[in-house]
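Chemist: Please see the structure below; I have some questions.
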Amino acid sequence: RFWSLGEDLSYYPWLGRPVTSDFEIYVMAAATALEKMVVNDHPKAITRSAEHMQLIGELITNAEQVVAPLREAPATLLHGDYWPGNIALLPEDEDDEGDERSMVVYDWQLAGVGPGVLDVVTLSTNSRWSLSPLPLAPEDIEQAYRAELAARLGYTWDDTAWRVQHDHALMWHFLQEWVEYLANAPAESVDLRADLLDEIGRTPLAAIAKQRLGLYGRIGMRPLPAARQTAVQPIAQRRVHPVERPRRAGQRAAKTALETVHPPQSVGALAKF
């Protein structure tokens, strides 16, 4: 109903814009959450893993690259937290849709405007974290979405274009939601499910970051331009353009984190930032 109506939805300023006007807020929140992890040494599934710390730091530092393809996609109305915990099926006697049962979607606090793939990734990832094993594979969920979109609106992606959208949406979803969630979640919610976190987070994201962002190394790290290969100083001591602040905050947080996890090897790795 709202597909490609981003301009019309602009009349509702209270809706979030996660990959545009609210982008900097989310990136700074992710950098702050990473620093909180280091200070609290929590959750240990993250703070005791150089790979996790490097990955988060790299995603923060390269956040502009992460969202670039998403900004080019058609915008629609996003729920923002679309997963079964916020969906209720109506009883069959209240359903007038024949064989298909109607449903009600709750919890619209994170409603926004952006590419629909963000809700698809949220549905798949959050469901796997809370409800594994799922009756459908993530690929089946994505295929159902693409088929419905083609049938209702005639909008299609080829497989390559869809994979780009999906991969960048997964990286952004992790930055926008998961880093802050992991920093504040009870230890038992994360540390006892470290293997699942690897399966749905670090492992696919590290491969995606290497492929999509042109990174290299253990998780794929690339050097910054020479002008930016300087010691990372506290943001308060530098006069930096607002868009640059979250990127440098991410570098500083990752540097501190890596020194905490694996000195001195981590420091040498981070020198390539």
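Here, A, B, ... name the chains of the structure tokens in the order displayed, residue numbers run from 1 inside each chain, and ligands are numbered from 1 in the same displayed order.
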Could you please write out, as a ChimeraX atom specification, every residue of segment 59-152 of chain A that DSSP assigns to strand (DSSP E)?
Modeler: /A:75-78,87-89,103-105,112-115
Chemist: How would the residues just picked look written out with C-alpha atoms as a PDB file, in the first residue's frame?
Modeler:
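Ended up saving to part.pdb:
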```pdb
ATOM      1  CA  ALA A  75      10.918   3.722   0.288  1.00  0.00           C
ATOM      2  CA  THR A  76       7.856   2.363   2.045  1.00  0.00           C
ATOM      3  CA  LEU A  77       6.286   2.337   5.500  1.00  0.00           C
ATOM      4  CA  LEU A  78       8.386   0.289   7.920  1.00  0.00           C
ATOM      5  CA  ILE A  87       1.924 -10.158  15.423  1.00  0.00           C
ATOM      6  CA  ALA A  88      -1.368 -11.790  16.425  1.00  0.00           C
ATOM      7  CA  LEU A  89      -3.572 -14.006  14.270  1.00  0.00           C
ATOM      8  CA  MET A 103      -3.599 -10.724  11.580  1.00  0.00           C
ATOM      9  CA  VAL A 104      -3.012  -7.679  13.733  1.00  0.00           C
ATOM     10  CA  VAL A 105       0.442  -6.100  14.028  1.00  0.00           C
ATOM     11  CA  GLY A 112       9.556   4.674   9.908  1.00  0.00           C
ATOM     12  CA  VAL A 113      10.204   5.225   6.225  1.00  0.00           C
ATOM     13  CA  GLY A 114      12.812   3.240   4.341  1.00  0.00           C
ATOM     14  CA  PRO A 115      13.423   0.198   2.133  1.00  0.00           C
TER      15      PRO A 115
END
```
Chemist: Which residue is closest to Arg128 of chain A? Choose from A:Leu9, A:Leu197, A:Ala185, A:Ala147 and count only C-alpha atoms.
Modeler: A:Leu197
Chemist: Run DSSP on the backbone and tell me which residues of segment 17-231 of chain A come out as alpha helix (DSSP H); list them as a ChimeraX atom specification.
Modeler: /A:23-40,44-47,50-61,63-72,117-131,138-153,159-173,179-184,187-190,194-197,203-212
